[in-house]
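> Here it is: the structure, laid out below.
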Amino acid sequence: MAKTTAKYECMYILNPNLAEEEYAAVVEKFKALVEANGTIDEMQEMGKRKLAYEINYLTEGYYVLVKFTSGPEFPAELDRVLGITDGVIRSLITLRCE
């Protein structure tokens, strides 16, 4: 029998020049998207941090970590939406081994 769900971790970095309400709107958008397609195990807004290297002339970003459980088809869709959302400068989705 095939496994129908898996545990994933998504880290995304937002542009540090967004206003507080813009951060909240983007975070809420992705929270709702994950909840509609799976369950959130843990969510952590890490706030502004220095980037390891410059991205689009930015030296810091607003980090958000989401650990979730979903079907195997959802991470690709989440990655697509992250890639086309204004304000997201980087994102990475990985399979958690627990």
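Quick note on naming: the chains in the structure tokens go A, B, ... in the order shown, residues restart at 1 in each chain, and ligands are numbered from 1 in order of appearance.
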Near Lys7 (chain A), counting only C-alpha atoms, which residues have an atom at most 6 Å away, once you skip same-chain residues fewer than 4 positions from it, shown as a PDB file with N, CA and C atoms, in the first residue's frame?

ATOM      1  N   PHE A  68       4.984  20.858   7.814  1.00  0.00           N
ATOM      2  CA  PHE A  68       3.618  20.413   7.519  1.00  0.00           C
ATOM      3  C   PHE A  68       3.587  18.980   7.011  1.00  0.00           C
ATOM      4  N   THR A  69       2.394  18.415   7.031  1.00  0.00           N
ATOM      5  CA  THR A  69       2.146  17.072   6.509  1.00  0.00           C
ATOM      6  C   THR A  69       1.124  17.196   5.387  1.00  0.00           C
ATOM      7  N   ARG A  96      10.997  15.897   5.367  1.00  0.00           N
ATOM      8  CA  ARG A  96      11.567  15.693   6.706  1.00  0.00           C
ATOM      9  C   ARG A  96      11.750  14.213   6.968  1.00  0.00           C
TER      10      ARG A  96
END
> Please, which residues of chain A, numbered as in this document, come out strand (DSSP E) from DSSP, as a compact mmCIF listing (two decimals) with C-alpha atoms, in the first residue's frame?

# COMPACT_ATOMS: atom_id res chain seq x y z
CA ALA A 6 4.56 12.73 4.09
CA LYS A 7 6.16 15.32 6.36
CA TYR A 8 7.73 18.39 4.76
CA GLU A 9 9.55 21.53 5.83
CA CYS A 10 9.27 24.82 3.96
CA MET A 11 11.54 27.79 4.61
CA TYR A 12 10.80 30.99 2.75
CA ILE A 13 12.41 34.40 2.91
CA LEU A 14 10.47 37.61 2.35
CA GLY A 38 -2.60 19.33 4.58
CA THR A 39 -1.90 20.05 8.24
CA ILE A 40 0.60 22.42 9.83
CA ASP A 41 2.78 20.66 12.40
CA GLU A 42 4.74 23.76 13.38
CA MET A 43 5.05 27.33 12.14
CA GLN A 44 7.72 29.79 13.18
CA GLU A 45 8.20 33.38 12.06
CA MET A 46 11.90 33.89 12.66
CA GLY A 47 11.86 37.56 11.73
CA LYS A 48 14.56 39.60 10.02
CA ARG A 49 17.98 37.99 9.74
CA LYS A 50 21.14 38.64 7.80
CA LEU A 51 21.41 36.66 4.57
CA ALA A 52 24.44 34.43 3.98
CA TYR A 53 24.92 36.25 0.66
CA GLU A 54 23.29 39.14 -1.15
CA ILE A 55 20.09 38.37 -3.07
CA LEU A 58 19.36 42.73 -0.30
CA THR A 59 21.52 41.77 2.70
CA GLU A 60 18.73 40.64 5.04
CA GLY A 61 15.38 38.92 4.80
CA TYR A 62 12.31 38.00 6.86
CA TYR A 63 12.44 34.24 7.50
CA VAL A 64 9.42 31.95 7.95
CA LEU A 65 9.61 28.20 8.68
CA VAL A 66 6.60 25.92 8.19
CA LYS A 67 6.62 22.20 9.00
CA PHE A 68 3.62 20.41 7.52
CA THR A 69 2.15 17.07 6.51
CA SER A 70 0.48 16.65 3.11
CA VAL A 88 9.21 36.12 -1.67
CA ILE A 89 12.92 36.26 -2.47
CA ARG A 90 13.84 32.60 -1.78
CA SER A 91 12.11 29.38 -0.77
CA LEU A 92 13.01 25.76 -0.19
CA ILE A 93 10.79 22.75 0.49
CA THR A 94 12.35 19.55 1.82
CA LEU A 95 11.12 16.16 2.94
> With distances taken over only C-alpha atoms, which of A:Glu77, A:Pro72, A:Val34, A:Thr85 is nearest to Asn15 (chain A)?
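Among the listed residues, the smallest separation from Asn15 (chain A) belongs to A:Thr85.
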> Do a neighbour search on region 29-31 of chain A at 9 Å with only C-alpha atoms, toss out local chain neighbours closer than 2 positions, and write the hits as JSON, numbers by chain.
{"A": [24, 25, 26, 27, 33, 34, 35, 36, 40, 43, 66, 78, 81, 82]}
> Measure the distance from CA of Glu20 (chain A) to CA of Ala32 (chain A) in Å and round it to one decimal.
18.3 Å
> Got a sec to tell me which of chain A DSSP assigns to alpha helix (DSSP H), as a count of residues only?
29
> What is the CA of Thr5 (chain A) to CA of Arg80 (chain A) distance in Å?
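If I compute the distance from CA of Thr5 (chain A) to CA of Arg80 (chain A), I get 19.4 Å.
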> Rounded to one decimal, what separation in Å do you get between CA of Ala76 (chain A) and CA of Leu18 (chain A)?
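Between CA of Ala76 (chain A) and CA of Leu18 (chain A) the gap is 25.7 Å.
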